[in-house]
>>> print(open('run-v3.cif').read())   # mmCIF, C-alpha atoms
data_entry
#
loop_
_atom_site.label_atom_id
_atom_site.label_comp_id
_atom_site.auth_asym_id
_atom_site.auth_seq_id
_atom_site.Cartn_x
_atom_site.Cartn_y
_atom_site.Cartn_z
CA MET A 1 -144.49 131.25 213.17
CA SER A 2 -143.76 128.02 215.04
CA ALA A 3 -140.74 127.74 217.32
CA PRO A 4 -137.77 125.85 215.85
CA ASN A 5 -137.54 122.21 216.82
CA TYR A 6 -134.09 121.99 218.41
CA SER A 7 -134.52 118.36 219.37
CA THR A 8 -133.94 117.22 215.79
CA VAL A 9 -130.34 118.54 215.76
CA ASN A 10 -127.36 117.58 217.90
CA TYR A 11 -124.06 119.00 216.70
CA ASP A 12 -120.94 116.85 216.86
CA MET A 13 -118.72 119.39 215.07
CA PHE A 14 -118.02 122.90 216.31
CA VAL A 15 -116.54 126.06 214.82
CA LEU A 16 -113.92 128.09 216.70
CA THR A 17 -114.12 131.59 215.23
CA GLY A 18 -110.86 132.88 216.68
CA ILE A 19 -110.92 136.41 218.11
CA PRO A 20 -114.24 138.12 217.27
CA GLY A 21 -113.86 141.44 215.49
CA LEU A 22 -110.17 140.91 214.83
CA LYS A 23 -110.26 138.26 212.11
CA GLU A 24 -108.47 140.50 209.61
CA ARG A 25 -105.65 140.89 212.14
CA HIS A 26 -105.29 137.18 212.94
CA MET A 27 -102.05 136.89 210.97
CA TRP A 28 -100.45 139.76 212.86
CA ILE A 29 -101.70 138.48 216.23
CA SER A 30 -100.26 135.05 215.44
CA ILE A 31 -96.68 136.39 215.31
CA PRO A 32 -96.32 137.25 219.03
CA PHE A 33 -98.42 134.19 219.92
CA PHE A 34 -96.07 131.91 217.98
CA LEU A 35 -92.92 133.53 219.39
CA MET A 36 -94.19 133.29 222.98
CA TYR A 37 -95.20 129.66 222.45
CA LEU A 38 -91.80 128.85 220.94
CA VAL A 39 -90.01 130.45 223.91
CA ALA A 40 -92.31 128.58 226.32
CA VAL A 41 -91.64 125.20 224.70
CA LEU A 42 -87.87 125.68 224.37
CA GLY A 43 -87.51 127.19 227.85
CA ASN A 44 -89.48 124.48 229.64
CA VAL A 45 -87.86 121.62 227.70
CA ILE A 46 -84.39 123.01 228.49
CA LEU A 47 -85.37 123.44 232.15
CA ILE A 48 -86.61 119.84 232.43
CA CYS A 49 -83.43 118.53 230.74
CA VAL A 50 -81.12 120.62 232.94
CA VAL A 51 -82.81 119.44 236.15
CA ALA A 52 -82.68 115.83 234.92
CA VAL A 53 -78.98 115.97 233.97
CA GLU A 54 -77.54 118.18 236.72
CA ARG A 55 -77.16 116.15 239.93
CA SER A 56 -76.80 119.26 242.09
CA LEU A 57 -80.37 120.20 241.08
CA HIS A 58 -81.88 116.93 242.33
CA GLU A 59 -83.40 118.81 245.24
CA PRO A 60 -87.10 119.16 246.13
CA MET A 61 -87.44 122.73 244.84
CA TYR A 62 -85.99 121.91 241.43
CA LEU A 63 -87.88 118.63 241.13
CA PHE A 64 -91.11 120.53 241.76
CA LEU A 65 -89.92 123.14 239.26
CA SER A 66 -89.42 120.50 236.57
CA CYS A 67 -92.96 119.23 237.27
CA LEU A 68 -94.24 122.80 236.86
CA ALA A 69 -92.36 123.06 233.55
CA PHE A 70 -93.96 119.82 232.32
CA TRP A 71 -97.48 121.02 233.13
CA ASP A 72 -96.69 124.41 231.59
CA LEU A 73 -96.07 122.51 228.37
CA ILE A 74 -99.41 120.70 228.75
CA LEU A 75 -101.26 123.96 229.46
CA SER A 76 -99.89 125.86 226.48
CA THR A 77 -99.83 122.92 224.03
CA SER A 78 -103.46 122.03 224.73
CA THR A 79 -104.60 125.41 223.37
CA VAL A 80 -102.01 127.39 221.40
CA PRO A 81 -101.42 125.06 218.39
CA LYS A 82 -105.15 125.08 217.59
CA ALA A 83 -105.26 128.87 217.91
CA LEU A 84 -102.30 129.17 215.51
CA SER A 85 -103.98 126.82 213.02
CA ILE A 86 -107.04 129.10 213.12
CA PHE A 87 -104.90 132.20 212.56
CA TRP A 88 -102.74 130.70 209.79
CA PHE A 89 -104.93 128.20 207.94
CA ASP A 90 -108.47 129.21 208.95
CA ASP A 91 -108.76 125.71 210.47
CA VAL A 92 -111.85 126.56 212.52
CA ASN A 93 -113.49 123.12 212.79
CA ILE A 94 -113.12 120.93 215.87
CA SER A 95 -115.00 117.75 216.77
CA PHE A 96 -117.00 117.46 219.97
CA GLY A 97 -114.51 114.88 221.26
CA GLY A 98 -111.59 117.14 220.39
CA CYS A 99 -113.30 120.06 222.13
CA VAL A 100 -113.90 118.06 225.32
CA THR A 101 -110.31 116.74 225.26
CA GLN A 102 -108.94 120.25 224.88
CA LEU A 103 -110.97 121.73 227.73
CA PHE A 104 -110.15 118.76 229.98
CA PHE A 105 -106.38 119.09 229.61
CA MET A 106 -106.48 122.88 229.91
CA HIS A 107 -108.47 122.84 233.18
CA PHE A 108 -106.54 119.77 234.42
CA ALA A 109 -103.19 121.51 233.90
CA PHE A 110 -104.46 124.65 235.65
CA VAL A 111 -105.52 122.78 238.82
CA VAL A 112 -102.34 120.65 238.85
CA GLU A 113 -100.11 123.72 238.49
CA SER A 114 -101.91 125.36 241.40
CA GLY A 115 -101.14 122.27 243.50
CA ILE A 116 -97.48 122.30 242.42
CA LEU A 117 -97.14 125.95 243.46
CA LEU A 118 -98.57 124.99 246.85
CA ALA A 119 -96.01 122.16 247.10
CA MET A 120 -93.24 124.63 246.24
CA ALA A 121 -94.48 126.99 248.98
CA PHE A 122 -94.36 124.07 251.43
CA ASP A 123 -90.81 123.32 250.25
CA ARG A 124 -89.72 126.92 251.00
CA TYR A 125 -91.49 126.79 254.38
CA VAL A 126 -89.62 123.64 255.41
CA ALA A 127 -86.28 124.90 254.02
CA ILE A 128 -86.44 128.15 256.00
CA CYS A 129 -88.34 127.13 259.15
CA TYR A 130 -86.83 123.63 259.59
CA PRO A 131 -83.49 123.70 257.71
CA LEU A 132 -81.90 120.88 259.71
CA ARG A 133 -84.79 118.51 258.96
CA TYR A 134 -85.24 119.61 255.32
CA THR A 135 -83.86 116.49 253.62
CA THR A 136 -85.61 114.23 256.12
CA ILE A 137 -89.04 115.81 255.71
CA LEU A 138 -88.82 116.21 251.93
CA SER A 139 -87.25 112.91 250.89
CA LEU A 140 -87.64 111.58 247.34
CA GLY A 141 -90.43 109.28 248.54
CA VAL A 142 -92.35 112.18 250.07
CA ILE A 143 -91.86 114.27 246.92
CA GLY A 144 -93.25 111.42 244.82
CA LYS A 145 -96.29 111.11 247.10
CA ILE A 146 -96.92 114.88 247.00
CA GLY A 147 -96.70 114.83 243.19
CA SER A 148 -99.12 111.90 242.97
CA VAL A 149 -101.62 113.57 245.29
CA VAL A 150 -101.46 116.81 243.29
CA VAL A 151 -102.12 115.03 239.99
CA LEU A 152 -104.87 112.80 241.41
CA ARG A 153 -106.57 115.80 243.01
CA GLY A 154 -106.47 117.68 239.70
CA PHE A 155 -107.89 114.67 237.84
CA ALA A 156 -110.66 114.13 240.41
CA THR A 157 -111.56 117.84 240.28
CA VAL A 158 -111.71 118.21 236.50
CA PHE A 159 -112.81 114.78 235.22
CA PRO A 160 -116.49 115.21 236.28
CA ILE A 161 -116.64 118.18 233.88
CA VAL A 162 -116.27 115.70 231.00
CA PHE A 163 -119.48 113.91 232.05
CA LEU A 164 -121.28 117.21 232.75
CA VAL A 165 -120.53 118.34 229.18
CA LYS A 166 -121.14 114.99 227.48
CA ARG A 167 -124.68 114.74 228.90
CA LEU A 168 -125.71 118.00 227.21
CA PRO A 169 -127.49 118.17 223.83
CA PHE A 170 -126.09 120.86 221.51
CA CYS A 171 -128.81 121.95 219.14
CA ARG A 172 -128.88 125.77 219.06
CA THR A 173 -125.57 126.63 217.43
CA ASN A 174 -122.15 125.09 216.96
CA ILE A 175 -120.22 128.36 216.77
CA ILE A 176 -117.79 129.07 219.64
CA ALA A 177 -116.50 132.65 219.68
CA HIS A 178 -113.06 131.72 220.99
CA THR A 179 -109.69 130.26 219.95
CA PHE A 180 -110.10 127.18 222.18
CA CYS A 181 -112.80 125.21 224.00
CA GLU A 182 -113.45 125.83 227.66
CA HIS A 183 -116.12 124.40 229.94
CA MET A 184 -118.63 127.23 230.30
CA GLY A 185 -118.12 128.50 226.77
CA LEU A 186 -119.18 125.08 225.45
CA ALA A 187 -121.94 124.50 228.03
CA LYS A 188 -123.64 127.80 227.12
CA LEU A 189 -124.31 126.42 223.62
CA ALA A 190 -126.46 123.59 225.02
CA CYS A 191 -130.24 123.55 224.70
CA ALA A 192 -130.70 122.13 228.20
CA ASP A 193 -130.45 123.20 231.81
CA ILE A 194 -126.78 123.92 232.64
CA THR A 195 -127.27 124.91 236.30
CA ILE A 196 -125.10 121.99 237.49
CA ASN A 197 -122.37 122.96 235.02
CA ILE A 198 -122.43 126.56 236.26
CA TRP A 199 -122.25 125.64 239.94
CA TYR A 200 -119.62 122.94 239.47
CA GLY A 201 -117.59 124.99 237.01
CA ILE A 202 -117.39 127.94 239.40
CA SER A 203 -117.39 126.35 242.84
CA VAL A 204 -115.33 123.15 242.80
CA PRO A 205 -112.25 124.10 240.70
CA LEU A 206 -112.27 127.67 242.03
CA LEU A 207 -112.55 126.52 245.64
CA SER A 208 -109.64 124.10 245.22
CA VAL A 209 -107.51 126.85 243.68
CA MET A 210 -108.62 129.40 246.30
CA LEU A 211 -107.70 126.92 249.04
CA ASP A 212 -104.25 126.62 247.48
CA MET A 213 -103.90 130.40 247.37
CA VAL A 214 -104.92 130.83 251.02
CA THR A 215 -102.53 128.07 252.12
CA ILE A 216 -99.68 129.64 250.12
CA VAL A 217 -100.34 133.03 251.77
CA ILE A 218 -100.31 131.40 255.23
CA SER A 219 -97.06 129.58 254.35
CA TYR A 220 -95.36 132.83 253.35
CA MET A 221 -96.60 134.62 256.47
CA LEU A 222 -94.92 131.89 258.53
CA ILE A 223 -91.82 132.11 256.33
CA LEU A 224 -91.57 135.88 256.84
CA GLN A 225 -91.91 135.45 260.59
CA ALA A 226 -89.05 132.96 260.54
CA VAL A 227 -86.93 135.15 258.25
CA PHE A 228 -87.21 138.24 260.44
CA ARG A 229 -86.13 136.19 263.45
CA LEU A 230 -82.79 135.39 261.79
CA PRO A 231 -79.87 137.09 263.57
CA SER A 232 -78.02 138.70 260.63
CA GLN A 233 -79.20 140.85 257.75
CA ASP A 234 -77.21 138.76 255.26
CA ALA A 235 -79.05 135.61 256.37
CA ARG A 236 -82.40 137.41 256.03
CA LEU A 237 -81.58 138.66 252.53
CA LYS A 238 -80.37 135.23 251.43
CA ALA A 239 -83.54 133.57 252.74
CA LEU A 240 -85.76 136.15 251.02
CA SER A 241 -83.85 135.79 247.73
CA THR A 242 -84.52 132.04 247.67
CA CYS A 243 -88.26 132.81 247.79
CA GLY A 244 -88.18 135.66 245.26
CA SER A 245 -88.47 133.49 242.14
CA HIS A 246 -91.33 131.48 243.61
CA VAL A 247 -93.27 134.60 244.60
CA CYS A 248 -92.92 136.00 241.06
CA VAL A 249 -94.19 132.74 239.56
CA ILE A 250 -97.11 132.60 242.02
CA LEU A 251 -98.20 136.16 241.20
CA MET A 252 -97.87 135.54 237.46
CA PHE A 253 -99.98 132.38 237.72
CA TYR A 254 -102.77 133.49 240.04
CA VAL A 255 -103.28 137.21 239.30
CA PRO A 256 -104.02 136.89 235.54
CA GLY A 257 -105.99 133.66 236.14
CA VAL A 258 -108.23 135.14 238.82
CA PHE A 259 -108.68 138.33 236.78
CA THR A 260 -109.64 136.31 233.70
CA VAL A 261 -112.19 134.22 235.65
CA PHE A 262 -113.84 137.25 237.23
CA ALA A 263 -113.75 139.22 233.98
CA GLN A 264 -115.56 136.36 232.20
CA ARG A 265 -118.16 136.01 234.95
CA PHE A 266 -118.81 139.67 235.85
CA GLY A 267 -117.11 141.89 233.27
CA ARG A 268 -120.06 142.22 230.91
CA LYS A 269 -118.94 145.63 229.70
CA ILE A 270 -115.50 144.34 228.67
CA PRO A 271 -115.41 143.66 224.89
CA LYS A 272 -115.42 139.99 223.87
CA HIS A 273 -112.11 140.20 222.04
CA VAL A 274 -110.43 141.53 225.22
CA HIS A 275 -111.71 138.50 227.17
CA ILE A 276 -110.30 136.13 224.56
CA LEU A 277 -106.95 137.91 224.27
CA LEU A 278 -106.58 137.77 228.08
CA ALA A 279 -107.46 134.05 228.11
CA ASN A 280 -104.84 133.35 225.42
CA LEU A 281 -102.19 135.41 227.17
CA TYR A 282 -102.90 133.48 230.36
CA VAL A 283 -101.97 130.15 228.73
CA LEU A 284 -98.91 131.74 227.10
CA VAL A 285 -97.26 134.22 229.47
CA PRO A 286 -96.76 132.08 232.64
CA PRO A 287 -95.36 129.07 230.69
CA MET A 288 -93.05 131.45 228.82
CA MET A 289 -91.87 133.41 231.87
CA ASN A 290 -91.47 130.63 234.46
CA PRO A 291 -88.26 129.11 232.98
CA ILE A 292 -86.88 132.60 232.32
CA ILE A 293 -87.45 133.70 235.94
CA TYR A 294 -85.87 130.57 237.40
CA GLY A 295 -83.10 130.58 234.81
CA VAL A 296 -82.12 134.14 235.71
CA LYS A 297 -82.40 133.62 239.49
CA THR A 298 -80.79 130.16 239.76
CA LYS A 299 -77.00 130.05 239.34
CA GLN A 300 -76.83 126.27 238.70
CA ILE A 301 -79.38 126.49 235.88
CA ARG A 302 -77.61 129.46 234.27
CA GLU A 303 -74.23 127.74 234.41
CA ARG A 304 -75.54 124.44 233.05
CA VAL A 305 -77.31 126.11 230.10
CA ALA A 306 -74.22 128.23 229.36
CA LEU A 307 -72.02 125.11 229.50
CA ALA A 308 -74.32 123.24 227.10
CA PHE A 309 -74.29 126.08 224.55
CA SER A 310 -70.55 126.67 224.86
CA SER A 311 -69.77 122.98 224.30
CA LYS A 312 -72.09 122.95 221.28
CA GLY A 313 -70.27 126.00 219.92
CA LYS A 314 -66.90 124.23 220.28
CA CYS A 315 -68.23 121.21 218.43
CA CYS A 316 -69.21 123.45 215.53
#
>>> encode(input="run-v3.cif", output="C-alpha cells")
Amino acid sequence: MSAPNYSTVNYDMFVLTGIPGLKERHMWISIPFFLMYLVAVLGNVILICVVAVERSLHEPMYLFLSCLAFWDLILSTSTVPKALSIFWFDDVNISFGGCVTQLFFMHFAFVVESGILLAMAFDRYVAICYPLRYTTILSLGVIGKIGSVVVLRGFATVFPIVFLVKRLPFCRTNIIAHTFCEHMGLAKLACADITINIWYGISVPLLSVMLDMVTIVISYMLILQAVFRLPSQDARLKALSTCGSHVCVILMFYVPGVFTVFAQRFGRKIPKHVHILLANLYVLVPPMMNPIIYGVKTKQIRERVALAFSSKGKCC
C-alpha cells in the first residue's frame, strides 16, 4: 500500500475536542469553570475600577496591580469562553487564524504577567529598602516606562511564535485534543520539521520567565535582609505584611505554571485529561484569586468596594 500523500492537504480549520475521555461530563465540568471565570471577570473589573477611582490607591503597587488585573482578564478571556462554548454548544471548530490569535494572546499575557510580578517585586524592594526615596524612584513616568518595557518584551518574546506556526503545513490531522490552542499542541500536528518551534517554544519564553523568577527571589532575599535589620518587631511585621499578598500571588502564578509546563514536557505517564484540566485551571485560578487576595489584604480596596455596594443598596 502506498504512503498517503500529505502534500495535497493543508487544513485551515481545526477541531478542539475538549477534555479527552470526559466528553460526557463536559456539562458538569463547565459549571465550576463558568463560576470561576465569572468571579475572575467581576473581581478584576472591580479592582481596576476601584484603583482608577480611589485617589489614595494611585501608588505604584496598586497601579501595577491594576495592570495585573487587566492582563488576568486577557489571559482568561483568550481561552475560557471558547472552552465553555465547547462544553455547552459542542462548538468545536476553530479557524487557523483564530487558533493562532488565541495562542498568541494566551502566551503574550503569560509573559507580560510575569514581568508585572517582577515590577511589583521591585516596588516592594524600593518601598522597604529605600522608603525615603520611594516616590522619587517610582514616579508616574518611571512606572509608565516599566509598563511599556514589560509589554514590549512580552510582544517581542511571543510574536515570533506566530511566524513559526504560520510557516508550517498542517496535513496529517486537524484534531486538537484540548479546549484551546497552544503553540506546541498546534505545532505537533504539522507534517514538517518543528525543531525550531520546540527549541524556541521551550527556551525563549521559559528563559524570560525563569529570569523573572530568579530576579524576584533575589529581590525578596534583599527585602528580608532589610526587614530583619529593622529595630522593632512591629515594624518588621508591618513590612512583612505588605509583602504577603504579593508573595501569595507570585506562588499562585509560577508554581502551577511551571508544574503544567514540566508535566506537558516530561509527564508522559500523566493522563491526557489531567494535563488539560491543569492547563485550564491555570488560566482560571490565578485570575480568580488575585483580586480576592488583594481585596482581603488591602484595607482601602475593601472599604471602597463596601462603600460602593452600600451606596447602591441605599439607592434601591
>>> axis_aligned_box(input="run-v3.cif", around="segment 228-247 of chain A", padding_each_side="5 Å", output="JSON")
{"center_x": -85.2, "center_y": 136.2, "center_z": 252.9, "size_x": 26.1, "size_y": 19.4, "size_z": 31.4}
>>> closest_atom_pairs(input="run-v3.cif", of="segment 174-278 of chain A", to="segment 107-119 of chain A", cutoff="7 Å", atoms="all atoms listed in the file", output="Markdown table")
| residue | atom | partner | partner_atom | distance |
| --- | --- | --- | --- | --- |
| A:Val209 | CA | A:Ser114 | CA | 6.2 |
| A:Asp212 | CA | A:Leu118 | CA | 5.9 |
| A:Ile216 | CA | A:Leu118 | CA | 5.8 |
| A:Ile250 | CA | A:Leu117 | CA | 6.8 |
>>> residues_around(input="run-v3.cif", residues="segment 180-186 of chain A", least_positions_apart="3", cutoff="10 Å", atoms="all atoms listed in the file", output="count of residues only")
47
>>> resolve_selection(input="run-v3.cif", expression="the PyMOL selection byres ((chain A and resi 128-131) around 12)", output="number ranges by chain")
A: 121-127, 132-138, 219-230, 235-236, 238-243
>>> write_last_selection(input="run-v3.cif", atoms="C-alpha atoms", output="CSV table (one decimal), in the coordinates of the input")
chain,number,residue,atom,x,y,z
A,121,ALA,CA,-94.5,127.0,249.0
A,122,PHE,CA,-94.4,124.1,251.4
A,123,ASP,CA,-90.8,123.3,250.2
A,124,ARG,CA,-89.7,126.9,251.0
A,125,TYR,CA,-91.5,126.8,254.4
A,126,VAL,CA,-89.6,123.6,255.4
A,127,ALA,CA,-86.3,124.9,254.0
A,132,LEU,CA,-81.9,120.9,259.7
A,133,ARG,CA,-84.8,118.5,259.0
A,134,TYR,CA,-85.2,119.6,255.3
A,135,THR,CA,-83.9,116.5,253.6
A,136,THR,CA,-85.6,114.2,256.1
A,137,ILE,CA,-89.0,115.8,255.7
A,138,LEU,CA,-88.8,116.2,251.9
A,219,SER,CA,-97.1,129.6,254.4
A,220,TYR,CA,-95.4,132.8,253.4
A,221,MET,CA,-96.6,134.6,256.5
A,222,LEU,CA,-94.9,131.9,258.5
A,223,ILE,CA,-91.8,132.1,256.3
A,224,LEU,CA,-91.6,135.9,256.8
A,225,GLN,CA,-91.9,135.4,260.6
A,226,ALA,CA,-89.0,133.0,260.5
A,227,VAL,CA,-86.9,135.2,258.2
A,228,PHE,CA,-87.2,138.2,260.4
A,229,ARG,CA,-86.1,136.2,263.4
A,230,LEU,CA,-82.8,135.4,261.8
A,235,ALA,CA,-79.0,135.6,256.4
A,236,ARG,CA,-82.4,137.4,256.0
A,238,LYS,CA,-80.4,135.2,251.4
A,239,ALA,CA,-83.5,133.6,252.7
A,240,LEU,CA,-85.8,136.2,251.0
A,241,SER,CA,-83.8,135.8,247.7
A,242,THR,CA,-84.5,132.0,247.7
A,243,CYS,CA,-88.3,132.8,247.8
>>> closest_residue(input="run-v3.cif", among="A:Trp71, A:Phe64, A:Trp28, A:Phe253", to="Val45 of chain A", atoms="all atoms listed in the file")
A:Trp71
>>> atom_distance(input="run-v3.cif", atom1="atom CA of Ile29 of chain A", atom2="atom CA of Gly97 of chain A")
27.3 Å
>>> residues_near_point(input="run-v3.cif", point="(-92.1, 126.7, 224.1)", cutoff="12 Å", atoms="only C-alpha atoms", output="ChimeraX atom specification")
/A:33-47,69-77,80-81,283-292
>>> closest_residue(input="run-v3.cif", among="A:Arg153, A:His58, A:Lys145, A:His275", to="Ser208 of chain A", atoms="only C-alpha atoms")
A:Arg153
>>> resolve_selection(input="run-v3.cif", expression="the PyMOL selection byres ((chain A and resi 62) around 10)", output="list in words")
Leu47, Ile48, Val50, Val51, Ala52, Ser56, Leu57, His58, Glu59, Pro60, Met61, Leu63, Phe64, Leu65, Ser66, Cys67, Leu68, Met120, Tyr294, Thr298 and Ile301 of chain A
>>> atom_distance(input="run-v3.cif", atom1="atom CA of Arg167 of chain A", atom2="atom CA of Ala187 of chain A")
10.2 Å
>>> closest_residue(input="run-v3.cif", among="A:Gly295, A:Pro169, A:Gly144, A:Pro231", to="Cys191 of chain A", atoms="only C-alpha atoms")
A:Pro169
>>> closest_residue(input="run-v3.cif", among="A:Ile31, A:Val53, A:Leu207, A:Val142", to="Leu84 of chain A", atoms="all atoms listed in the file")
A:Ile31
